[in-house]
$ cat entry-v7.csv   # CSV, C-alpha atoms
chain,number,residue,atom,x,y,z
A,128,MET,CA,-7.1,-32.6,-0.8
A,129,ILE,CA,-5.0,-31.6,-3.8
A,130,LYS,CA,-6.1,-27.9,-3.4
A,131,ARG,CA,-5.1,-27.9,0.3
A,132,LEU,CA,-1.7,-29.4,-0.5
A,133,SER,CA,-1.1,-26.9,-3.3
A,134,LEU,CA,-2.1,-24.0,-0.9
A,135,SER,CA,0.3,-25.3,1.8
A,136,ILE,CA,3.1,-25.5,-0.7
A,137,ASN,CA,2.4,-22.0,-1.9
A,138,ALA,CA,2.3,-20.7,1.7
A,139,LEU,CA,5.7,-22.4,2.4
A,140,LEU,CA,7.2,-20.9,-0.7
A,141,ILE,CA,6.1,-17.4,0.0
A,142,LEU,CA,7.2,-17.7,3.7
A,143,GLY,CA,10.6,-18.9,2.5
A,144,LEU,CA,10.8,-16.0,0.1
A,145,LEU,CA,9.9,-13.7,2.9
A,146,VAL,CA,12.8,-15.0,5.2
A,147,ILE,CA,15.3,-14.8,2.3
A,148,SER,CA,14.2,-11.2,1.5
A,149,ILE,CA,14.5,-10.0,5.1
A,150,PHE,CA,18.0,-11.5,5.3
A,151,PHE,CA,19.0,-10.0,1.9
A,152,SER,CA,17.5,-6.6,2.8
A,153,LEU,CA,19.5,-6.5,6.1
A,154,GLY,CA,22.7,-7.2,4.4
A,155,MET,CA,22.4,-4.7,1.5
A,156,GLY,CA,22.8,-0.9,1.9
A,157,THR,CA,25.0,2.1,1.4
A,158,GLN,CA,27.1,1.0,4.3
A,159,SER,CA,28.5,-2.5,3.7
A,160,VAL,CA,28.0,-4.8,6.6
A,161,GLY,CA,28.1,-8.3,5.0
A,162,PHE,CA,25.8,-11.3,5.2
A,163,GLU,CA,28.2,-12.9,7.7
A,164,ALA,CA,27.6,-10.0,10.1
A,165,VAL,CA,23.9,-10.3,9.6
A,166,TYR,CA,23.9,-14.0,10.4
A,167,ALA,CA,26.0,-13.4,13.5
A,168,CYS,CA,23.7,-10.6,14.8
A,169,LEU,CA,20.6,-12.7,14.1
A,170,PHE,CA,21.7,-16.1,15.5
A,171,GLU,CA,24.8,-15.4,17.6
A,172,GLN,CA,26.1,-12.1,18.8
A,173,CYS,CA,27.0,-9.0,16.8
A,174,LYS,CA,30.7,-8.5,16.4
A,175,GLY,CA,30.5,-4.9,17.4
A,176,PRO,CA,28.1,-2.0,18.3
A,177,PHE,CA,28.5,-0.6,14.8
A,178,ASP,CA,26.9,-3.6,13.2
A,179,GLN,CA,24.2,-3.7,15.8
A,180,GLN,CA,23.3,-0.1,15.3
A,181,ILE,CA,23.1,-0.3,11.5
A,182,LEU,CA,21.2,-3.5,11.4
A,183,PHE,CA,18.7,-3.1,14.3
A,184,ASP,CA,18.4,0.6,14.7
A,185,ILE,CA,18.5,1.8,11.1
A,186,ARG,CA,17.8,-1.0,8.6
A,187,LEU,CA,15.3,-3.2,10.6
A,188,PRO,CA,12.7,-0.5,11.2
A,189,ARG,CA,12.9,0.4,7.6
A,190,ILE,CA,12.5,-3.2,6.4
A,191,VAL,CA,9.5,-3.8,8.7
A,192,THR,CA,7.9,-0.5,7.6
A,193,GLY,CA,8.5,-1.5,3.9
A,194,PHE,CA,6.9,-4.9,4.5
A,195,LEU,CA,3.9,-3.4,6.3
A,196,ALA,CA,3.4,-0.7,3.6
A,197,GLY,CA,3.6,-3.3,0.8
A,198,PHE,CA,1.3,-5.6,2.7
A,199,GLY,CA,-1.3,-2.9,3.3
A,200,LEU,CA,-1.2,-1.5,-0.3
A,201,ALA,CA,-1.5,-4.9,-1.9
A,202,MET,CA,-4.3,-6.0,0.4
A,203,THR,CA,-6.2,-2.8,-0.2
A,204,GLY,CA,-5.8,-3.2,-3.9
A,205,ALA,CA,-7.1,-6.7,-3.8
A,206,LEU,CA,-10.1,-5.6,-1.7
A,207,MET,CA,-11.0,-2.8,-4.0
A,208,GLN,CA,-10.7,-4.9,-7.1
A,209,ASN,CA,-13.1,-7.5,-5.6
A,210,ILE,CA,-15.7,-5.0,-4.4
A,211,THR,CA,-15.7,-3.3,-7.8
A,212,ARG,CA,-15.2,-6.5,-9.9
A,213,ASN,CA,-12.6,-4.5,-11.8
A,214,PRO,CA,-8.9,-5.6,-12.0
A,215,LEU,CA,-7.7,-2.0,-12.5
A,216,ALA,CA,-9.1,-0.7,-9.2
A,217,ASP,CA,-6.7,0.5,-6.5
A,218,PRO,CA,-6.4,3.3,-4.0
A,219,TYR,CA,-5.0,5.7,-6.6
A,220,LEU,CA,-8.0,5.2,-8.8
A,221,PHE,CA,-10.5,6.2,-6.0
A,222,GLY,CA,-8.5,9.3,-5.1
A,223,ILE,CA,-7.6,7.9,-1.7
A,224,VAL,CA,-3.9,8.4,-2.1
A,225,ALA,CA,-4.5,11.9,-3.6
A,226,GLY,CA,-6.7,12.8,-0.7
A,227,ALA,CA,-4.2,11.5,1.9
A,228,GLY,CA,-1.4,13.4,0.1
A,229,LEU,CA,-3.4,16.6,0.1
A,230,GLY,CA,-4.0,16.3,3.8
A,231,VAL,CA,-0.3,15.8,4.6
A,232,THR,CA,0.7,18.6,2.2
A,233,LEU,CA,-1.6,21.1,3.9
A,234,VAL,CA,-0.4,20.1,7.4
A,235,SER,CA,3.2,20.3,6.3
A,236,PHE,CA,2.8,23.9,5.1
A,237,PHE,CA,0.4,25.1,7.7
A,238,ALA,CA,1.5,23.1,10.7
A,239,GLU,CA,1.5,26.2,13.0
A,240,SER,CA,-2.2,26.9,12.3
A,241,ILE,CA,-3.5,23.4,11.9
A,242,ALA,CA,-3.1,21.3,15.1
A,243,LEU,CA,-3.2,17.9,13.4
A,244,SER,CA,-0.7,15.0,13.3
A,245,ILE,CA,0.4,13.9,9.9
A,246,PRO,CA,-1.3,10.4,10.1
A,247,LEU,CA,-4.6,12.0,11.2
A,248,ALA,CA,-4.4,14.6,8.4
A,249,ALA,CA,-3.7,11.9,5.9
A,250,PHE,CA,-6.7,9.9,7.1
A,251,ILE,CA,-9.0,13.0,6.9
A,252,GLY,CA,-7.8,13.7,3.4
A,253,ALA,CA,-8.3,10.1,2.3
A,254,LEU,CA,-11.8,10.0,4.0
A,255,LEU,CA,-12.6,13.2,2.1
A,256,ALA,CA,-11.9,11.5,-1.2
A,257,VAL,CA,-14.1,8.5,-0.3
A,258,VAL,CA,-16.9,10.8,0.8
A,259,LEU,CA,-16.7,12.8,-2.4
A,260,VAL,CA,-16.8,9.6,-4.5
A,261,ILE,CA,-19.7,8.2,-2.7
A,262,GLY,CA,-21.5,11.5,-2.7
A,263,ILE,CA,-21.2,11.8,-6.4
A,264,VAL,CA,-22.7,8.4,-7.3
A,265,PHE,CA,-24.7,7.4,-4.3
A,266,ASN,CA,-28.3,8.4,-5.3
A,267,ARG,CA,-27.9,8.0,-9.1
A,268,HIS,CA,-25.3,5.6,-10.3
A,269,TRP,CA,-24.3,3.6,-7.2
A,270,GLN,CA,-25.3,0.3,-8.8
A,271,ARG,CA,-23.0,0.9,-11.8
A,272,ILE,CA,-19.4,0.1,-11.1
A,273,GLU,CA,-18.1,2.1,-14.0
A,274,PHE,CA,-19.6,5.3,-12.6
A,275,LEU,CA,-18.0,4.6,-9.3
A,276,LEU,CA,-14.6,4.2,-11.0
A,277,LEU,CA,-15.0,7.4,-13.1
A,278,ALA,CA,-16.0,9.4,-10.0
A,279,GLY,CA,-12.8,8.1,-8.3
A,280,VAL,CA,-10.7,9.2,-11.2
A,281,ALA,CA,-12.3,12.7,-11.3
A,282,VAL,CA,-11.8,13.1,-7.5
A,283,SER,CA,-8.2,11.9,-7.7
A,284,PHE,CA,-7.4,14.5,-10.4
A,285,LEU,CA,-9.2,17.3,-8.5
A,286,LEU,CA,-7.4,16.6,-5.2
A,287,SER,CA,-4.0,16.2,-7.0
A,288,ALA,CA,-4.6,19.6,-8.7
A,289,ILE,CA,-5.2,21.3,-5.3
A,290,THR,CA,-2.0,19.7,-4.0
A,291,SER,CA,-0.1,20.9,-7.0
A,292,PHE,CA,-1.5,24.4,-6.6
A,293,THR,CA,-0.5,24.4,-2.9
A,294,LEU,CA,3.0,23.4,-3.8
A,295,TYR,CA,3.2,26.1,-6.5
A,296,ILE,CA,2.4,28.9,-4.2
A,297,SER,CA,4.6,27.7,-1.4
A,298,ASP,CA,8.2,28.2,-0.5
A,299,ALA,CA,10.5,26.5,-3.1
A,300,PHE,CA,12.6,24.6,-0.5
A,301,ALA,CA,9.5,23.3,1.4
A,302,ALA,CA,7.8,22.4,-1.9
A,303,ASN,CA,10.8,20.3,-3.0
A,304,ARG,CA,10.8,18.5,0.3
A,305,VAL,CA,7.1,17.6,0.0
A,306,ILE,CA,7.4,16.7,-3.7
A,307,PHE,CA,10.2,14.1,-2.8
A,308,TRP,CA,8.0,12.8,0.0
A,309,LEU,CA,5.0,12.4,-2.4
A,310,MET,CA,7.1,10.3,-4.7
A,311,GLY,CA,7.4,7.7,-1.9
A,312,SER,CA,10.4,6.9,0.3
A,313,LEU,CA,11.2,4.8,3.4
A,314,ALA,CA,14.2,7.0,4.3
A,315,ARG,CA,12.5,8.7,7.2
A,316,THR,CA,10.6,5.8,8.7
A,317,ASP,CA,11.3,4.7,12.2
A,318,ASN,CA,9.6,2.8,15.1
A,319,GLN,CA,6.8,5.3,15.3
A,320,ALA,CA,5.7,4.4,11.8
A,321,ILE,CA,5.6,0.7,12.8
A,322,TYR,CA,3.5,1.6,15.9
A,323,TRP,CA,1.0,3.5,13.7
A,324,ILE,CA,0.8,1.2,10.7
A,325,THR,CA,0.7,-2.2,12.4
A,326,PRO,CA,-2.6,-1.9,14.3
A,327,VAL,CA,-4.4,-0.4,11.4
A,328,ILE,CA,-3.4,-3.2,9.0
A,329,ILE,CA,-4.2,-5.9,11.6
A,330,ILE,CA,-7.6,-4.4,12.2
A,331,GLY,CA,-8.2,-4.1,8.5
A,332,LEU,CA,-7.1,-7.7,7.9
A,333,VAL,CA,-9.4,-9.1,10.6
A,334,ILE,CA,-12.4,-7.1,9.4
A,335,SER,CA,-11.7,-8.1,5.8
A,336,LEU,CA,-11.5,-11.8,6.7
A,337,LEU,CA,-14.8,-11.5,8.7
A,338,LEU,CA,-16.5,-10.0,5.6
A,339,SER,CA,-14.8,-12.4,3.2
A,340,ARG,CA,-18.0,-14.4,2.4
A,341,GLN,CA,-20.0,-11.2,1.7
A,342,LEU,CA,-17.1,-10.0,-0.5
A,343,ASP,CA,-17.0,-13.3,-2.4
A,344,ALA,CA,-20.8,-12.9,-3.0
A,345,LEU,CA,-20.1,-9.5,-4.5
A,346,LEU,CA,-17.8,-11.1,-7.1
A,347,ILE,CA,-20.9,-12.6,-8.8
A,348,SER,CA,-23.1,-9.6,-9.0
A,349,ASP,CA,-24.9,-7.1,-6.7
A,350,GLU,CA,-28.2,-8.8,-7.3
A,351,SER,CA,-26.9,-12.3,-6.4
A,352,ALA,CA,-25.2,-10.9,-3.3
A,353,ARG,CA,-28.5,-9.3,-2.2
A,354,SER,CA,-30.4,-12.6,-2.8
A,355,LEU,CA,-27.9,-14.2,-0.4
A,356,GLY,CA,-28.7,-11.6,2.3
A,357,VAL,CA,-25.7,-9.4,1.8
A,358,SER,CA,-26.1,-5.7,2.5
A,359,VAL,CA,-24.2,-4.6,-0.6
A,360,ASN,CA,-24.1,-0.8,0.1
A,361,LYS,CA,-22.9,-1.3,3.7
A,362,VAL,CA,-20.2,-3.8,2.8
A,363,ARG,CA,-18.9,-1.7,-0.1
A,364,ILE,CA,-18.8,1.6,2.0
A,365,SER,CA,-17.2,-0.3,4.9
A,366,ILE,CA,-14.4,-1.6,2.6
A,367,LEU,CA,-13.9,1.9,1.1
A,368,ILE,CA,-13.5,3.5,4.5
A,369,LEU,CA,-11.2,0.6,5.6
A,370,SER,CA,-9.1,1.1,2.5
A,371,ALA,CA,-8.9,4.8,3.2
A,372,ALA,CA,-7.6,4.2,6.7
A,373,ILE,CA,-4.9,1.7,5.6
A,374,THR,CA,-3.8,3.8,2.7
A,375,ALA,CA,-3.8,7.0,4.7
A,376,VAL,CA,-1.5,5.8,7.4
A,377,ILE,CA,0.9,4.3,4.8
A,378,VAL,CA,0.9,7.6,2.8
A,379,ALA,CA,1.5,9.5,6.0
A,380,PHE,CA,4.8,7.8,6.7
A,381,CYS,CA,5.9,6.5,3.3
A,382,GLY,CA,4.5,9.0,0.8
A,383,GLY,CA,2.8,8.0,-2.4
A,384,ILE,CA,3.8,4.5,-3.7
A,385,GLY,CA,1.9,3.5,-6.8
A,386,PHE,CA,1.2,0.2,-8.7
A,387,VAL,CA,1.7,-2.1,-5.7
A,388,GLY,CA,-2.0,-2.4,-5.1
A,389,LEU,CA,-2.7,-2.7,-8.8
A,390,MET,CA,0.0,-5.2,-9.8
A,391,ILE,CA,0.4,-7.7,-6.9
A,392,PRO,CA,-3.2,-8.9,-6.8
A,393,HIS,CA,-2.9,-9.7,-10.6
A,394,LEU,CA,0.0,-12.0,-9.9
A,395,ILE,CA,-1.5,-13.7,-6.8
A,396,ARG,CA,-4.9,-14.2,-8.5
A,397,LYS,CA,-3.4,-16.6,-11.0
A,398,TRP,CA,-1.6,-18.4,-8.2
A,399,VAL,CA,-4.3,-18.9,-5.5
A,400,GLY,CA,-7.6,-17.9,-7.1
A,401,ILE,CA,-10.0,-15.0,-6.6
A,402,THR,CA,-11.6,-15.8,-3.2
A,403,THR,CA,-11.1,-12.9,-0.9
A,404,GLY,CA,-9.6,-14.6,2.1
A,405,LYS,CA,-6.7,-16.3,0.3
A,406,LEU,CA,-6.3,-13.4,-2.1
A,407,ILE,CA,-5.8,-10.6,0.5
A,408,ILE,CA,-3.4,-12.7,2.6
A,409,PHE,CA,-1.1,-13.9,-0.2
A,410,SER,CA,-1.3,-10.4,-1.9
A,411,GLY,CA,-0.3,-8.8,1.3
A,412,LEU,CA,2.7,-11.1,1.8
A,413,LEU,CA,3.9,-10.8,-1.7
A,414,GLY,CA,3.3,-7.0,-1.6
A,415,GLY,CA,5.5,-6.7,1.5
A,416,ILE,CA,8.3,-8.8,-0.1
A,417,PHE,CA,8.1,-6.8,-3.3
A,418,LEU,CA,8.4,-3.4,-1.5
A,419,MET,CA,11.3,-4.6,0.7
A,420,LEU,CA,13.2,-5.6,-2.4
A,421,VAL,CA,12.4,-2.4,-4.2
A,422,ASP,CA,13.6,-0.4,-1.3
A,423,VAL,CA,17.0,-2.3,-1.5
A,424,VAL,CA,17.2,-1.1,-5.1
A,425,ALA,CA,16.2,2.4,-4.1
A,426,ARG,CA,19.0,2.8,-1.6
A,427,THR,CA,21.8,1.0,-3.4
A,428,ALA,CA,21.3,1.7,-7.2
A,429,LEU,CA,23.0,5.1,-7.1
A,430,ASN,CA,26.1,6.1,-5.1
A,431,GLY,CA,25.5,8.6,-2.4
A,432,GLN,CA,21.8,9.2,-3.1
A,433,GLU,CA,18.4,7.5,-2.9
A,434,ILE,CA,15.9,7.0,-5.6
A,435,PRO,CA,12.2,7.7,-4.6
A,436,ILE,CA,10.6,4.3,-4.2
A,437,GLY,CA,7.5,5.4,-6.0
A,438,VAL,CA,9.5,6.0,-9.1
A,439,ILE,CA,10.7,2.4,-9.2
A,440,THR,CA,7.3,0.9,-8.5
A,441,ALA,CA,5.8,3.0,-11.2
A,442,ALA,CA,8.4,1.9,-13.7
A,443,ILE,CA,8.0,-1.8,-12.8
A,444,GLY,CA,4.2,-1.5,-12.9
A,445,SER,CA,4.2,0.1,-16.3
A,446,ILE,CA,6.4,-2.5,-17.8
A,447,PHE,CA,4.3,-5.2,-16.2
A,448,PHE,CA,1.1,-4.0,-17.7
A,449,LEU,CA,2.6,-3.4,-21.1
A,450,ALA,CA,3.8,-7.0,-21.1
A,451,LEU,CA,0.4,-8.2,-19.9
A,452,MET,CA,-1.4,-6.3,-22.7
A,453,ARG,CA,1.0,-7.7,-25.3
A,454,LYS,CA,0.5,-11.2,-24.0
A,455,GLU,CA,-3.3,-11.0,-24.1
$ encode --input "entry-v7.csv" --output "structure tokens"
Amino acid sequence: MIKRLSLSINALLILGLLVISIFFSLGMGTQSVGFEAVYACLFEQCKGPFDQQILFDIRLPRIVTGFLAGFGLAMTGALMQNITRNPLADPYLFGIVAGAGLGVTLVSFFAESIALSIPLAAFIGALLAVVLVIGIVFNRHWQRIEFLLLAGVAVSFLLSAITSFTLYISDAFAANRVIFWLMGSLARTDNQAIYWITPVIIIGLVISLLLSRQLDALLISDESARSLGVSVNKVRISILILSAAITAVIVAFCGGIGFVGLMIPHLIRKWVGITTGKLIIFSGLLGGIFLMLVDVVARTALNGQEIPIGVITAAIGSIFFLALMRKE
């Protein structure tokens, strides 16, 4: 009874924080609108077409995309940490982001000869990373999690090197554009991004919740999970492919945003525990809130220009883990 009450209070707190964050994000930007105008547009009637255009046509799609991207990255990080029983696992560590970035980079430079959309190219690149990782360890060291993680790191560096070489031999102007995109930004997001990201995250969330009991069994050990009837290899491969799909579609529209999937599950785990169902839902909500607020900083910190959002998340994540190491 006490646990249920605590969970309900936590849910109300995070939902309240979500509402406040959305309201705050709508009111903040390079063009001053004011919170009174935001309240009027949301609950009454906009005072003019100018306010309506800024809030609903420009800022709202960006805020929704930021929330979805944060939700997906944090949820994916929580899933990967649970299936590997390693609190440092995230899409970057398995090369998924590097693979998706490579796919998008190649399509950006060879769009005339490669008839692929950016989201599809990102997914193919992310799936390539997963296939390479699984192929390296499948027959020999599949049971040892540390080999899986090391293979992911190696594949990540390999694909990042190919991306860097592609940028090096390409036109300087185009390379600069792709480099800024790879740092992560919500500047170019629109309703199309929402239409692509939303169904992928919903499907991923539903599948993850359906597999939550099997994933909880994996937290003990592979042997214990097998004794409970869990097909360990199938579950782990399914989650890796699912993570590839979610990460790929986010990278396709938002670029590379690091540390969200690594940092947020750490915070939530101390709050709601380690069981998969609660962990991925609360991690997703807090990840979405976090990325919305980081985006506010990205578009307001400097006058007349925008900071890549991945730079801010990397700085915050580094400080977070240094503080965590010092505390422990």
$ closest_residue --input "entry-v7.csv" --among "A:Arg340, A:Met390, A:Thr402, A:Leu285" --to "A:Ala352" --atoms "only C-alpha atoms"
A:Arg340
$ closest_residue --input "entry-v7.csv" --among "A:Thr290, A:Ser445, A:Ser244, A:Ser335" --to "A:Ile210" --atoms "all atoms listed in the file"
A:Ser335
$ atom_distance --input "entry-v7.csv" --atom1 "atom CA of A:Trp308" --atom2 "atom CA of A:Gly382"
5.2 Å
$ closest_residue --input "entry-v7.csv" --among "A:Tyr322, A:Phe386, A:Tyr219, A:Phe151" --to "A:Ile446" --atoms "only C-alpha atoms"
A:Phe386
$ atom_distance --input "entry-v7.csv" --atom1 "atom CA of A:Val280" --atom2 "atom CA of A:Leu220"
5.4 Å
$ residues_around --input "entry-v7.csv" --residues "A:Ala344" --least-positions-apart "5" --cutoff "12 Å" --atoms "all atoms listed in the file" --output "PyMOL selection string"
chain A and resi 209-212+338-339+349-359+362-363+401-403
$ residues_around --input "entry-v7.csv" --residues "A:Leu277" --least-positions-apart "5" --cutoff "10 Å" --atoms "all atoms listed in the file" --output "PyMOL selection string"
chain A and resi 220-221+260+264+272+282-283
